[in-house]
Amino acid sequence: MFVLVNLKAYPSDPVAIATAAHEIADESGVRIAVAPQAAHLERVAETGVETWAQHISSVEHGSHTGSTLAEAVADAGAVGTLVNHSERRLRLADIDGALDAADRAGLETIVCANNPDQIGAAAALGPDGVAVEPPALIGGDVSVSQADPEIVEGAVEAATAVDDSVDVLCGAGISSGEDLAAAGDLGASGVLLASGVAKADDPRAALADLVEPLA
């Protein structure tokens with residue numbers, strides 16, 4: 001299982017969380033990555049943890065003020081990027097362009113979507129993975145794998161029907177080892193989470209609890 005922790009813009013310590021994630025990944029053998037703010041990418045990557053960007057723009061080098069260039073993200077130490085998170089929605093052409101930019105920079109990609117139909121469409125664009133995240137459950141106390149398991153199963157079926165090499169992650173409300181195990185039982189190959197770690201009183205303990213079923 002792949003555990004991707006999105007720190008969003010929460011008031012957390014990205015280096016402390018990244019250090020804890022790196023240590024727990026080494027101890028447990030579980031693949032754990034952290035996606036910090038773009039300004040923190042280099043500092044997070046220096047901890048040794050697998051580092052992902054939260055977003056990249058569908059642009060090349062040039063006059064694109066305020067854009068997040070894929071090559072700059074890679075230079076900062078990121079190895080992958082989220083695309084089309086529910087809090088950073090893109091038009092279809094921009095999703096496709098961002099995937100091209102990521103490929104150009106050698107970044108792994110996960111495209112986020114709301115439901116199985118969107119997951120199928122996202123998988124057809126050729127990302128490395130997709131993540132199903134019903135917006136109503138994001139940041140909540142109930143995970144999608146518990147509240148609406150049919151969405152996860154449907155997302156896995158939709159992605160597999162298009163391209164069975166595309167990994168499917170389960171997002172929205174993931175916060176515990178029980179949630180992680182449930183996602184795996186439903187066919188997901190990983191989880192995407194944020195507040196369960198970034199807003200935890202003890203992020204290291206939260207991460208340890210999360211991967212405990214896999215350790």
# chains A, B, ... in the order shown; residues from 1 in each chain; ligands from 1
$ select_by_dssp --residues "region 25-144 of chain A" --states "strand (DSSP E or B)" --output "list in words"
Arg31, Ile32, Ala33, Val34, Ala35, Glu50, Thr51, Trp52, Ala53, Gly80, Thr81, Leu82, Val83, Glu108, Thr109, Ile110, Val111, Cys112, Ala113, Gly129, Val130, Ala131 and Val132 of chain A
$ residues_around --residues "Ser58 (chain A)" --least-positions-apart "6" --cutoff "8 Å" --atoms "only C-alpha atoms" --output "PyMOL selection string"
chain A and resi 69+94-101
$ write_last_selection --atoms "C-alpha atoms" --output "short mmCIF file (atom, residue, chain, number, x, y, z; two decimals), in the first residue's frame"
data_model
loop_
_atom_site.label_atom_id
_atom_site.label_comp_id
_atom_site.auth_asym_id
_atom_site.auth_seq_id
_atom_site.Cartn_x
_atom_site.Cartn_y
_atom_site.Cartn_z
CA LEU A 69 6.63 24.51 -13.34
CA ASP A 94 -5.16 21.41 -18.29
CA ILE A 95 -5.16 17.95 -16.68
CA ASP A 96 -3.85 16.52 -19.92
CA GLY A 97 -1.28 19.33 -20.15
CA ALA A 98 -0.16 18.79 -16.56
CA LEU A 99 0.34 15.09 -17.25
CA ASP A 100 2.46 15.96 -20.29
CA ALA A 101 4.48 18.39 -18.15
#
$ atom_distance --atom1 "CA of Ala158 (chain A)" --atom2 "CA of Pro213 (chain A)"
26.9 Å
$ residues_around --residues "Thr160 (chain A)" --least-positions-apart "6" --cutoff "10 Å" --atoms "only C-alpha atoms" --output "PyMOL selection string"
chain A and resi 119-120+123+154+166-168
$ residues_around --residues "Gly187 (chain A)" --least-positions-apart "5" --cutoff "12 Å" --atoms "only C-alpha atoms" --output "NGL selection string"
:A and (1 or 145 or 149-160 or 167-170 or 180-182)
$ write_last_selection --atoms "N, CA and C atoms" --output "PDB file, in the first residue's frame"
ATOM      1  N   MET A   1       0.840  -1.208   0.000  1.00  0.00           N
ATOM      2  CA  MET A   1       0.000   0.000   0.000  1.00  0.00           C
ATOM      3  C   MET A   1       0.872   1.253   0.000  1.00  0.00           C
ATOM      4  N   SER A 145     -13.980   4.825   2.479  1.00  0.00           N
ATOM      5  CA  SER A 145     -13.980   3.357   2.502  1.00  0.00           C
ATOM      6  C   SER A 145     -14.986   2.809   3.506  1.00  0.00           C
ATOM      7  N   PRO A 149     -18.393   2.450   0.551  1.00  0.00           N
ATOM      8  CA  PRO A 149     -17.425   1.520  -0.057  1.00  0.00           C
ATOM      9  C   PRO A 149     -17.685   1.250  -1.528  1.00  0.00           C
ATOM     10  N   GLU A 150     -18.960   1.417  -1.961  1.00  0.00           N
ATOM     11  CA  GLU A 150     -19.262   1.163  -3.373  1.00  0.00           C
ATOM     12  C   GLU A 150     -18.507   2.126  -4.290  1.00  0.00           C
ATOM     13  N   ILE A 151     -18.241   3.333  -3.804  1.00  0.00           N
ATOM     14  CA  ILE A 151     -17.500   4.293  -4.626  1.00  0.00           C
ATOM     15  C   ILE A 151     -16.079   3.796  -4.868  1.00  0.00           C
ATOM     16  N   VAL A 152     -15.460   3.242  -3.827  1.00  0.00           N
ATOM     17  CA  VAL A 152     -14.094   2.729  -3.977  1.00  0.00           C
ATOM     18  C   VAL A 152     -14.087   1.528  -4.920  1.00  0.00           C
ATOM     19  N   GLU A 153     -14.997   0.602  -4.691  1.00  0.00           N
ATOM     20  CA  GLU A 153     -15.068  -0.572  -5.567  1.00  0.00           C
ATOM     21  C   GLU A 153     -15.359  -0.160  -7.009  1.00  0.00           C
ATOM     22  N   GLY A 154     -16.263   0.804  -7.184  1.00  0.00           N
ATOM     23  CA  GLY A 154     -16.597   1.278  -8.511  1.00  0.00           C
ATOM     24  C   GLY A 154     -15.425   1.968  -9.183  1.00  0.00           C
ATOM     25  N   ALA A 155     -14.654   2.712  -8.392  1.00  0.00           N
ATOM     26  CA  ALA A 155     -13.476   3.399  -8.932  1.00  0.00           C
ATOM     27  C   ALA A 155     -12.435   2.396  -9.412  1.00  0.00           C
ATOM     28  N   VAL A 156     -12.220   1.348  -8.633  1.00  0.00           N
ATOM     29  CA  VAL A 156     -11.265   0.299  -9.022  1.00  0.00           C
ATOM     30  C   VAL A 156     -11.728  -0.375 -10.311  1.00  0.00           C
ATOM     31  N   GLU A 157     -13.003  -0.681 -10.394  1.00  0.00           N
ATOM     32  CA  GLU A 157     -13.539  -1.326 -11.594  1.00  0.00           C
ATOM     33  C   GLU A 157     -13.417  -0.397 -12.809  1.00  0.00           C
ATOM     34  N   ALA A 158     -13.718   0.897 -12.609  1.00  0.00           N
ATOM     35  CA  ALA A 158     -13.676   1.847 -13.724  1.00  0.00           C
ATOM     36  C   ALA A 158     -12.262   2.026 -14.256  1.00  0.00           C
ATOM     37  N   ALA A 159     -11.298   2.148 -13.347  1.00  0.00           N
ATOM     38  CA  ALA A 159      -9.907   2.314 -13.769  1.00  0.00           C
ATOM     39  C   ALA A 159      -9.389   1.052 -14.442  1.00  0.00           C
ATOM     40  N   THR A 160      -9.706  -0.103 -13.875  1.00  0.00           N
ATOM     41  CA  THR A 160      -9.238  -1.367 -14.425  1.00  0.00           C
ATOM     42  C   THR A 160      -9.793  -1.604 -15.826  1.00  0.00           C
ATOM     43  N   ASP A 167      -2.853   2.600 -10.890  1.00  0.00           N
ATOM     44  CA  ASP A 167      -3.156   2.356  -9.483  1.00  0.00           C
ATOM     45  C   ASP A 167      -4.344   3.196  -9.032  1.00  0.00           C
ATOM     46  N   VAL A 168      -5.110   2.688  -8.076  1.00  0.00           N
ATOM     47  CA  VAL A 168      -6.256   3.424  -7.539  1.00  0.00           C
ATOM     48  C   VAL A 168      -6.041   3.659  -6.053  1.00  0.00           C
ATOM     49  N   LEU A 169      -6.049   4.940  -5.662  1.00  0.00           N
ATOM     50  CA  LEU A 169      -5.938   5.308  -4.260  1.00  0.00           C
ATOM     51  C   LEU A 169      -7.305   5.732  -3.745  1.00  0.00           C
ATOM     52  N   CYS A 170      -7.482   5.583  -2.457  1.00  0.00           N
ATOM     53  CA  CYS A 170      -8.718   5.961  -1.792  1.00  0.00           C
ATOM     54  C   CYS A 170      -8.436   7.174  -0.915  1.00  0.00           C
ATOM     55  N   LEU A 180      -7.169   2.286   6.458  1.00  0.00           N
ATOM     56  CA  LEU A 180      -6.201   1.797   5.484  1.00  0.00           C
ATOM     57  C   LEU A 180      -6.503   0.350   5.104  1.00  0.00           C
ATOM     58  N   ALA A 181      -6.783  -0.480   6.093  1.00  0.00           N
ATOM     59  CA  ALA A 181      -7.094  -1.881   5.830  1.00  0.00           C
ATOM     60  C   ALA A 181      -8.368  -2.017   5.012  1.00  0.00           C
ATOM     61  N   ALA A 182      -9.369  -1.202   5.329  1.00  0.00           N
ATOM     62  CA  ALA A 182     -10.635  -1.251   4.591  1.00  0.00           C
ATOM     63  C   ALA A 182     -10.428  -0.860   3.142  1.00  0.00           C
TER      64      ALA A 182
END
$ closest_residue --among "A:Val5, A:Leu192, A:Leu90, A:Ala102" --to "Gln37 (chain A)" --atoms "only C-alpha atoms"
A:Val5
$ closest_residue --among "A:Ala124, A:Ile32, A:Ala131, A:Val44" --to "Ala183 (chain A)" --atoms "only C-alpha atoms"
A:Ala131
$ atom_distance --atom1 "CA of Val83 (chain A)" --atom2 "CA of Val197 (chain A)"
20.6 Å
$ closest_residue --among "A:Ser176, A:Arg204, A:Ser28, A:Gln54" --to "Arg88 (chain A)" --atoms "only C-alpha atoms"
A:Gln54
$ closest_atom_pairs --of "region 20-65 of chain A" --to "region 6-16 of chain A" --cutoff "7 Å" --atoms "only C-alpha atoms" --output "CSV"
residue,atom,partner,partner_atom,distance
A:Ala20,CA,A:Ala16,CA,6.2
A:Val34,CA,A:Asn6,CA,6.1
A:Ala35,CA,A:Asn6,CA,4.7
A:Pro36,CA,A:Leu7,CA,5.2
A:Gln37,CA,A:Lys8,CA,6.6
A:Arg43,CA,A:Val15,CA,6.6
A:Val44,CA,A:Val15,CA,5.4
$ residues_around --residues "Val79 (chain A)" --least-positions-apart "6" --cutoff "8 Å" --atoms "only C-alpha atoms" --output "number ranges by chain"
A: 50-52, 106-108
$ closest_residue --among "A:Val73, A:Ile24, A:Val132, A:Leu82" --to "Leu41 (chain A)" --atoms "only C-alpha atoms"
A:Val73
$ atom_distance --atom1 "CA of Asp128 (chain A)" --atom2 "CA of Thr109 (chain A)"
5.2 Å
$ closest_residue --among "A:Leu210, A:Ala205, A:Ala25, A:Ala198" --to "Asp179 (chain A)" --atoms "only C-alpha atoms"
A:Leu210
$ closest_residue --among "A:Val59, A:Val211, A:Cys112, A:Val130" --to "Asp164 (chain A)" --atoms "only C-alpha atoms"
A:Val130
$ residues_around --residues "His61 (chain A)" --least-positions-apart "2" --cutoff "10 Å" --atoms "only C-alpha atoms" --output "short mmCIF file (atom, residue, chain, number, x, y, z; two decimals) with all heavy atoms, in the first residue's frame"
data_model
loop_
_atom_site.label_atom_id
_atom_site.label_comp_id
_atom_site.auth_asym_id
_atom_site.auth_seq_id
_atom_site.Cartn_x
_atom_site.Cartn_y
_atom_site.Cartn_z
N VAL A 59 2.27 24.11 -18.12
CA VAL A 59 3.07 25.09 -18.87
C VAL A 59 4.49 24.57 -19.06
O VAL A 59 4.94 23.68 -18.34
CB VAL A 59 3.12 26.45 -18.14
CG1 VAL A 59 1.73 27.04 -17.99
CG2 VAL A 59 3.80 26.33 -16.78
N SER A 63 6.97 32.73 -20.03
CA SER A 63 6.36 33.83 -19.26
C SER A 63 5.06 33.36 -18.62
O SER A 63 3.96 33.60 -19.15
CB SER A 63 6.12 35.03 -20.17
OG SER A 63 5.39 34.65 -21.32
N HIS A 64 5.17 32.66 -17.50
CA HIS A 64 4.01 32.08 -16.82
C HIS A 64 4.06 32.42 -15.33
O HIS A 64 4.17 31.53 -14.48
CB HIS A 64 3.96 30.57 -17.01
CG HIS A 64 3.99 30.13 -18.44
ND1 HIS A 64 2.93 30.35 -19.31
CD2 HIS A 64 4.95 29.51 -19.17
CE1 HIS A 64 3.23 29.87 -20.50
NE2 HIS A 64 4.45 29.35 -20.44
N LEU A 69 5.98 25.20 -12.23
CA LEU A 69 6.63 24.51 -13.34
C LEU A 69 7.06 23.10 -12.92
O LEU A 69 7.67 22.92 -11.87
CB LEU A 69 7.84 25.32 -13.78
CG LEU A 69 8.59 24.87 -15.03
CD1 LEU A 69 7.73 25.05 -16.28
CD2 LEU A 69 9.90 25.65 -15.16
N ALA A 70 6.74 22.12 -13.74
CA ALA A 70 7.08 20.73 -13.41
C ALA A 70 8.57 20.55 -13.21
O ALA A 70 9.01 19.84 -12.29
CB ALA A 70 6.57 19.81 -14.52
N GLU A 71 9.38 21.18 -14.05
CA GLU A 71 10.84 21.05 -13.93
C GLU A 71 11.35 21.64 -12.62
O GLU A 71 12.28 21.11 -12.01
CB GLU A 71 11.52 21.74 -15.12
CG GLU A 71 11.45 20.96 -16.43
CD GLU A 71 10.15 21.17 -17.17
OE1 GLU A 71 9.23 21.84 -16.65
OE2 GLU A 71 10.03 20.62 -18.29
N ALA A 72 10.73 22.74 -12.15
CA ALA A 72 11.14 23.34 -10.89
C ALA A 72 10.80 22.44 -9.71
O ALA A 72 11.57 22.31 -8.75
CB ALA A 72 10.46 24.71 -10.71
#
